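Asks: Dropping a structure here in structure tokens format, bear with me for questions.
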There are 2 protein chains.
Amino acid sequence: MKSVSVTDVAVRAGVSVGTVSNVLNRPDKVSARRLELVNQAIAELGFVRNDAARQLRAGSSRAIGLVILDVRNPFFTELLRGAEAAADEHGSAILLGNSDQDPGRESFYLDLFEEQRVRGVLLSPIGDVRDRMTRLRARGIPAVLVDRRVDDAGASSVSVDDVAGGRMAVEHLLEQGRRRIAFVGGPLSLQQVADRLEGARQAIQTTTDAMLEVIECPQLTILDGRAVGNAIVARRARDMPDAVFAANDLVALGLVQSFVMTRGLAVPDDVAVIGYDDIDFASSAVVPISSVRQPTELIGRTAVEMIIEQIDDETAVVRDVVYQPELVVRQSTIG
Amino acid sequence: MKSVSVTDVAVRAGVSVGTVSNVLNRPDKVSARRLELVNQAIAELGFVRNDAARQLRAGSSRAIGLVILDVRNPFFTELLRGAEAAADEHGSAILLGNSDQDPGRESFYLDLFEEQRVRGVLLSPIGDVRDRMTRLRARGIPAVLVDRRVDDAGASSVSVDDVAGGRMAVEHLLEQGRRRIAFVGGPLSLQQVADRLEGARQAIQTTTDAMLEVIECPQLTILDGRAVGNAIVARRARDMPDAVFAANDLVALGLVQSFVMTRGLAVPDDVAVIGYDDIDFASSAVVPISSVRQPTELIGRTAVEMIIEQIDDETAVVRDVVYQPELVVRQSTIG
DNA sequence: CATCGATTCTGAATCGTTTCATATAGTCGA
DNA sequence: TCGACTATATGAAACGATTCAGAATCGATG
């Protein structure tokens, strides 16, 4: 099962290996006759370039690594598609790593990407990544943080103003006359979650009679939402919130699901629910869910473009791009 | 920005390159003293093994390539997680390619994987892949088809009996007294879609008074479902189906969304809807959607295990694993 | 027809790791 | 102290593509 090499092709075509390499990489520098000969030899032998060898000599691969928090969250698959599109246009491929919010897996993929000498890394980080960023930078690998801004990390970032988003969500709930508001999300160590909560707090503080309860859950999945929902349904009436702001749409979906399925609470009559991300499924939920929309695909696209910028121009400075979110009102918050 | 090589490490530690390599790959063959020396040198110099060189010498990478039809379909992300878990246990990583049902992109990723000399390929194919399979086989790259069985392709596969699934779905609709049934899905060139339709036909044929209408849509997304839904709503009453079997849950979600949002049709009173895949979002839809469940994660896991089996044992024979689907009844089909 | 320049070709050197035949050190029994 | 092993360590060769300095080829021109 010996594989075909450029040498084999060169022999078959009666040219030198240098010429074969030129056919592969700079076909315009090769005379028509030899181009023909070489291409024919390639076809006959079924030659496929060995990327490891190419990379070893060339110094780096054409791949860009992307580490996301959760493949099952449509937010991230949307982001991935934006990144893919931009990478495509530039002739690179995206290598996806799914950390599942586990720092161990995050490390695993970052190590893997380093070993693979990827051209750049996009990271949706879990905890503190300052060290990681410094290390990548020292190694000359451009890195961009996505969906999260870290001051002083020495890395560029593309994010959305989550504090503003949180504020918008809760302001909207307040405008609807809600006063006993619960924030559901977690872990709070996740910056996005903390920021959305901070925004919520800011909004609450503009009033005197509203209160905010924080219910932390371990992850941001439908199951977590459902669990919290069941706990809320089981409460005594006087402890019941009249609105819930979920840190993302999956949690919001879980909440709504549990409220409606147990027939314990009507949405939005008993309790209003607003989510975050505006994933496709939010609009098709039991009760279409209000949400805070992020320009998700654009985030992915921009991040890749920033990587490419850094590759092309070594002197490119650290830059933080911050997009603004947008409120999307649906049935779950308006009676 | 010169990178640190094993030679640098060897010099620093005062040992030979062979020893450094042994520390990296067979630490048990190295004396404690040198192990210590080498590890220290690695840490001091910040050495990271160059995977391209490793791969070049070793012959193949530790990655397994997976090409899926649509990252935005939770079915595939679930499958991915199963594959990831199995790969993890075996110390390999999954490289993901998203074909978006575009044969060009499918080819692109398969070529890329070949160049990368992946250890194996999992493919959820679009059209005819016989040639592709033969070629991979000739190159000694184990391949497994997922979610689709292709007789005589010379490749193993892991799939679900979609004909049975289609039959189950429509039998269920018939039991509920529905008689004017529409099948929505596409493209019909996709085997999964064709099989589910075939199952539906078989079920219909067990009755004398029921009829099946086939509505083909270009893709299997929420948007396609919504478009077909709008078209159905616009029909005259006597052309209206009383049940719809969607080829997957995304389409079903889109249909329900359009029926409910336009207030044109009540689900399940006017029209029952059943989907396929039983993704998480099916149960949290406007009307919780009945579906045909596949052991999705298990499919991914099994496929990777079959790849590993083929790597370890060259003589492993072609094998088709076929799982059985399971009916999940929810509100969308029972008044 | 000699010369100069431009265009194409050639092939040895190179990238960084692993491998493996060979060398060396270490252990034990006699 | 001397073999007879075993356990470790060594370092040159190999993997396969790219690079680049220099060679070969071709035309045009005086």
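Chain lettering (A, B, ...) mirrors the order of the structure tokens, residue numbering begins at 1 for each chain separately, and ligand numbering begins at 1 in order of display.
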Using DSSP on the backbone, list every residue of region 44-129 of chain B that comes out as alpha helix (DSSP H), and give them as a ChimeraX atom specification.
Replies: /B:44-45,51-58,74-89,103-115
Asks: Residues within 10 Å of DT19 (chain C), please, as a compact mmCIF listing (two decimals) with C-alpha atoms (C1' of nucleotides), in the first residue's frame. Count only C-alpha atoms (C1' of nucleotides); anything in the same chain fewer than 4 positions from it doesn't count.
Replies:
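Output saved as around_20.txt:
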```txt
# COMPACT_ATOMS: atom_id res chain seq x y z
CA GLY B 18 16.27 9.36 19.69
CA SER B 21 11.55 10.87 20.69
CA ARG B 57 7.37 9.83 9.16
CA ALA B 58 4.66 7.81 10.84
C1' DA D 13 18.53 7.29 7.37
C1' DA D 14 13.97 8.01 5.85
```
Asks: Would you please extract all strand (DSSP E) residues from region 69-273 of chain B, as assigned by DSSP on the backbone, and give them as a ChimeraX atom specification?
Replies: /B:93-98,120-123,143-146,156-160,180-185,211-216,243-246,272-273
Asks: Please dump the current selection as a compact mmCIF listing (two decimals), in the first residue's frame; keep N, CA and C atoms.
Replies:
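This went into part-v5.txt:
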```txt
# COMPACT_ATOMS: atom_id res chain seq x y z
N ALA B 93 -8.83 12.39 16.98
CA ALA B 93 -9.68 13.56 16.94
C ALA B 93 -10.56 13.48 15.69
N ILE B 94 -11.69 14.16 15.74
CA ILE B 94 -12.57 14.19 14.58
C ILE B 94 -12.37 15.50 13.82
N LEU B 95 -12.17 15.36 12.52
CA LEU B 95 -12.12 16.55 11.66
C LEU B 95 -13.48 16.66 11.00
N LEU B 96 -14.13 17.80 11.17
CA LEU B 96 -15.47 17.93 10.65
C LEU B 96 -15.52 18.69 9.34
N GLY B 97 -16.25 18.15 8.39
CA GLY B 97 -16.50 18.87 7.16
C GLY B 97 -18.00 18.96 6.97
N ASN B 98 -18.45 20.11 6.58
CA ASN B 98 -19.87 20.38 6.45
C ASN B 98 -20.20 20.57 4.98
N GLY B 120 -9.21 7.55 8.76
CA GLY B 120 -10.46 6.99 8.28
C GLY B 120 -11.43 8.10 7.94
N VAL B 121 -12.46 7.73 7.22
CA VAL B 121 -13.45 8.73 6.82
C VAL B 121 -14.85 8.24 7.13
N LEU B 122 -15.61 9.10 7.77
CA LEU B 122 -17.04 8.83 7.95
C LEU B 122 -17.76 9.78 7.02
N LEU B 123 -18.69 9.25 6.27
CA LEU B 123 -19.33 10.09 5.28
C LEU B 123 -20.83 9.90 5.27
N ALA B 143 -13.28 3.52 5.30
CA ALA B 143 -14.40 4.46 5.20
C ALA B 143 -15.67 3.79 5.68
N VAL B 144 -16.50 4.56 6.32
CA VAL B 144 -17.79 4.05 6.76
C VAL B 144 -18.86 5.07 6.39
N LEU B 145 -19.91 4.59 5.77
CA LEU B 145 -21.01 5.48 5.43
C LEU B 145 -21.92 5.58 6.64
N VAL B 146 -22.33 6.79 6.95
CA VAL B 146 -23.24 6.93 8.08
C VAL B 146 -24.60 7.40 7.62
N SER B 156 -18.37 -0.26 4.49
CA SER B 156 -19.27 -0.57 5.59
C SER B 156 -20.20 0.61 5.82
N SER B 157 -21.25 0.36 6.55
CA SER B 157 -22.17 1.45 6.82
C SER B 157 -22.88 1.26 8.15
N VAL B 158 -23.31 2.36 8.69
CA VAL B 158 -24.15 2.34 9.88
C VAL B 158 -25.37 3.16 9.53
N SER B 159 -26.50 2.55 9.62
CA SER B 159 -27.67 3.32 9.23
C SER B 159 -28.88 2.89 10.04
N VAL B 160 -29.98 3.50 9.72
CA VAL B 160 -31.23 3.17 10.37
C VAL B 160 -32.18 2.74 9.27
N ARG B 180 -55.78 11.66 3.93
CA ARG B 180 -55.17 12.47 2.86
C ARG B 180 -53.80 12.92 3.36
N ILE B 181 -52.83 12.10 3.06
CA ILE B 181 -51.51 12.32 3.65
C ILE B 181 -50.53 12.92 2.65
N ALA B 182 -49.80 13.93 3.12
CA ALA B 182 -48.77 14.52 2.26
C ALA B 182 -47.39 14.18 2.83
N PHE B 183 -46.49 13.85 1.92
CA PHE B 183 -45.10 13.64 2.32
C PHE B 183 -44.32 14.86 1.87
N VAL B 184 -43.59 15.49 2.79
CA VAL B 184 -42.81 16.67 2.44
C VAL B 184 -41.34 16.41 2.71
N GLY B 185 -40.53 16.54 1.68
CA GLY B 185 -39.08 16.33 1.86
C GLY B 185 -38.37 16.40 0.54
N MET B 211 -54.67 8.17 0.55
CA MET B 211 -53.83 8.58 -0.56
C MET B 211 -52.61 9.36 -0.06
N LEU B 212 -51.57 9.29 -0.87
CA LEU B 212 -50.32 9.95 -0.50
C LEU B 212 -49.92 10.95 -1.58
N GLU B 213 -49.71 12.17 -1.15
CA GLU B 213 -49.25 13.19 -2.08
C GLU B 213 -47.78 13.48 -1.74
N VAL B 214 -46.95 13.63 -2.76
CA VAL B 214 -45.54 13.91 -2.50
C VAL B 214 -45.22 15.36 -2.86
N ILE B 215 -44.75 16.09 -1.87
CA ILE B 215 -44.35 17.47 -2.12
C ILE B 215 -42.84 17.55 -1.91
N GLU B 216 -42.14 17.77 -2.99
CA GLU B 216 -40.69 17.79 -2.87
C GLU B 216 -40.19 19.20 -2.59
N ALA B 243 -53.01 15.26 7.00
CA ALA B 243 -51.80 14.89 7.75
C ALA B 243 -50.58 15.11 6.87
N VAL B 244 -49.46 15.46 7.53
CA VAL B 244 -48.22 15.65 6.79
C VAL B 244 -47.11 14.85 7.47
N PHE B 245 -46.39 14.11 6.66
CA PHE B 245 -45.21 13.41 7.16
C PHE B 245 -44.00 14.14 6.59
N ALA B 246 -43.25 14.77 7.47
CA ALA B 246 -42.07 15.51 7.03
C ALA B 246 -40.84 14.62 7.12
N ALA B 272 -52.52 16.84 10.97
CA ALA B 272 -51.54 16.24 11.88
C ALA B 272 -50.16 16.36 11.24
N VAL B 273 -49.13 16.48 12.08
CA VAL B 273 -47.77 16.59 11.54
C VAL B 273 -46.85 15.63 12.29
```
Asks: Using only C-alpha atoms (C1' of nucleotides), which chain B residues lie at most 9 Å away from chain D, written as a compact mmCIF listing (two decimals) with N, CA and C atoms, in the first residue's frame?
Replies:
```txt
# COMPACT_ATOMS: atom_id res chain seq x y z
N VAL B 15 21.14 14.84 25.62
CA VAL B 15 20.86 13.46 25.20
C VAL B 15 20.74 13.44 23.69
N SER B 16 20.43 12.28 23.13
CA SER B 16 20.29 12.20 21.69
C SER B 16 18.84 12.44 21.27
N VAL B 17 18.63 12.74 20.01
CA VAL B 17 17.27 12.99 19.53
C VAL B 17 16.40 11.75 19.70
N GLY B 18 17.03 10.59 19.52
CA GLY B 18 16.27 9.36 19.69
C GLY B 18 15.65 9.27 21.07
N THR B 19 16.41 9.68 22.06
CA THR B 19 15.90 9.63 23.43
C THR B 19 14.73 10.60 23.60
N LYS B 29 10.37 3.36 28.22
CA LYS B 29 11.63 2.80 27.76
C LYS B 29 12.82 3.69 28.14
N VAL B 30 12.53 4.76 28.86
CA VAL B 30 13.58 5.72 29.17
C VAL B 30 13.84 5.75 30.68
N SER B 31 15.10 5.84 31.04
CA SER B 31 15.45 5.86 32.46
C SER B 31 14.91 7.13 33.12
N ALA B 53 5.57 16.73 10.81
CA ALA B 53 6.76 15.89 10.70
C ALA B 53 6.46 14.50 11.25
N GLN B 55 3.67 13.01 11.38
CA GLN B 55 2.79 12.33 10.45
C GLN B 55 3.52 11.86 9.21
N LEU B 56 4.40 12.71 8.75
CA LEU B 56 5.15 12.39 7.54
C LEU B 56 5.92 11.09 7.75
N ARG B 57 6.58 11.02 8.88
CA ARG B 57 7.37 9.83 9.16
C ARG B 57 6.46 8.64 9.49
N ALA B 58 5.50 8.91 10.34
CA ALA B 58 4.66 7.81 10.84
C ALA B 58 3.68 7.30 9.77
N GLY B 59 3.42 8.08 8.75
CA GLY B 59 2.58 7.60 7.67
C GLY B 59 1.14 8.05 7.68
```
Asks: What residues in chain C have any atom no more than 12 Å from chain B when counting only C-alpha atoms (C1' of nucleotides), and can you write them as a list in words?
Replies: DC15, DG16, DT17, DT18, DT19, DC20, DA25 and DG26 of chain C
Asks: Keeping only N, CA and C atoms (P, O5', C5', C4', C3', O3' and C1' of nucleotides), take the residues you just selected and write them out as a PDB file, in the first residue's frame.
Replies:
```
ATOM      1  P    DC C  15      16.586  23.036   7.688  1.00  0.00           P
ATOM      2  O5'  DC C  15      15.051  22.786   8.065  1.00  0.00           O
ATOM      3  C5'  DC C  15      14.024  23.667   7.619  1.00  0.00           C
ATOM      4  C4'  DC C  15      12.704  22.953   7.696  1.00  0.00           C
ATOM      5  C3'  DC C  15      12.568  22.118   8.963  1.00  0.00           C
ATOM      6  O3'  DC C  15      11.860  22.865   9.933  1.00  0.00           O
ATOM      7  C1'  DC C  15      11.861  20.902   7.003  1.00  0.00           C
ATOM      8  P    DG C  16      12.404  22.847  11.460  1.00  0.00           P
ATOM      9  O5'  DG C  16      11.840  21.462  12.011  1.00  0.00           O
ATOM     10  C5'  DG C  16      10.442  21.294  12.088  1.00  0.00           C
ATOM     11  C4'  DG C  16      10.134  19.888  12.530  1.00  0.00           C
ATOM     12  C3'  DG C  16      10.845  19.463  13.821  1.00  0.00           C
ATOM     13  O3'  DG C  16       9.929  18.691  14.569  1.00  0.00           O
ATOM     14  C1'  DG C  16      11.368  17.955  12.122  1.00  0.00           C
ATOM     15  P    DT C  17      10.259  18.228  16.049  1.00  0.00           P
ATOM     16  O5'  DT C  17       9.931  16.676  15.999  1.00  0.00           O
ATOM     17  C5'  DT C  17       8.646  16.250  15.634  1.00  0.00           C
ATOM     18  C4'  DT C  17       8.724  14.960  14.867  1.00  0.00           C
ATOM     19  C3'  DT C  17       9.081  13.732  15.688  1.00  0.00           C
ATOM     20  O3'  DT C  17       7.865  13.067  16.025  1.00  0.00           O
ATOM     21  C1'  DT C  17      10.134  13.738  13.516  1.00  0.00           C
ATOM     22  P    DT C  18       7.943  11.845  17.069  1.00  0.00           P
ATOM     23  O5'  DT C  18       8.406  10.627  16.129  1.00  0.00           O
ATOM     24  C5'  DT C  18       7.518  10.169  15.135  1.00  0.00           C
ATOM     25  C4'  DT C  18       8.176   9.061  14.349  1.00  0.00           C
ATOM     26  C3'  DT C  18       8.488   7.808  15.153  1.00  0.00           C
ATOM     27  O3'  DT C  18       8.025   6.714  14.383  1.00  0.00           O
ATOM     28  C1'  DT C  18      10.421   8.540  14.019  1.00  0.00           C
ATOM     29  P    DT C  19       7.890   5.279  15.064  1.00  0.00           P
ATOM     30  O5'  DT C  19       9.056   4.452  14.349  1.00  0.00           O
ATOM     31  C5'  DT C  19       9.273   4.657  12.960  1.00  0.00           C
ATOM     32  C4'  DT C  19      10.580   4.030  12.534  1.00  0.00           C
ATOM     33  C3'  DT C  19      10.960   2.759  13.270  1.00  0.00           C
ATOM     34  O3'  DT C  19      11.374   1.828  12.292  1.00  0.00           O
ATOM     35  C1'  DT C  19      12.753   4.281  13.344  1.00  0.00           C
ATOM     36  P    DC C  20      11.266   0.269  12.539  1.00  0.00           P
ATOM     37  O5'  DC C  20      12.766  -0.223  12.429  1.00  0.00           O
ATOM     38  C5'  DC C  20      13.652   0.381  11.471  1.00  0.00           C
ATOM     39  C4'  DC C  20      15.077   0.155  11.916  1.00  0.00           C
ATOM     40  C3'  DC C  20      15.258  -1.091  12.787  1.00  0.00           C
ATOM     41  O3'  DC C  20      16.522  -1.664  12.469  1.00  0.00           O
ATOM     42  C1'  DC C  20      16.027   0.769  13.953  1.00  0.00           C
ATOM     43  P    DA C  25      29.684   3.183  28.223  1.00  0.00           P
ATOM     44  O5'  DA C  25      28.517   2.793  29.221  1.00  0.00           O
ATOM     45  C5'  DA C  25      27.303   3.529  29.185  1.00  0.00           C
ATOM     46  C4'  DA C  25      26.309   2.875  30.121  1.00  0.00           C
ATOM     47  C3'  DA C  25      26.886   2.495  31.482  1.00  0.00           C
ATOM     48  O3'  DA C  25      25.936   2.897  32.458  1.00  0.00           O
ATOM     49  C1'  DA C  25      25.948   0.580  30.440  1.00  0.00           C
ATOM     50  P    DG C  26      26.081   2.555  33.982  1.00  0.00           P
ATOM     51  O5'  DG C  26      25.232   1.218  34.093  1.00  0.00           O
ATOM     52  C5'  DG C  26      23.838   1.249  33.798  1.00  0.00           C
ATOM     53  C4'  DG C  26      23.216  -0.056  34.275  1.00  0.00           C
ATOM     54  C3'  DG C  26      23.702  -0.509  35.660  1.00  0.00           C
ATOM     55  O3'  DG C  26      22.563  -0.970  36.378  1.00  0.00           O
ATOM     56  C1'  DG C  26      24.122  -2.213  34.075  1.00  0.00           C
TER      57       DG C  26
END
```
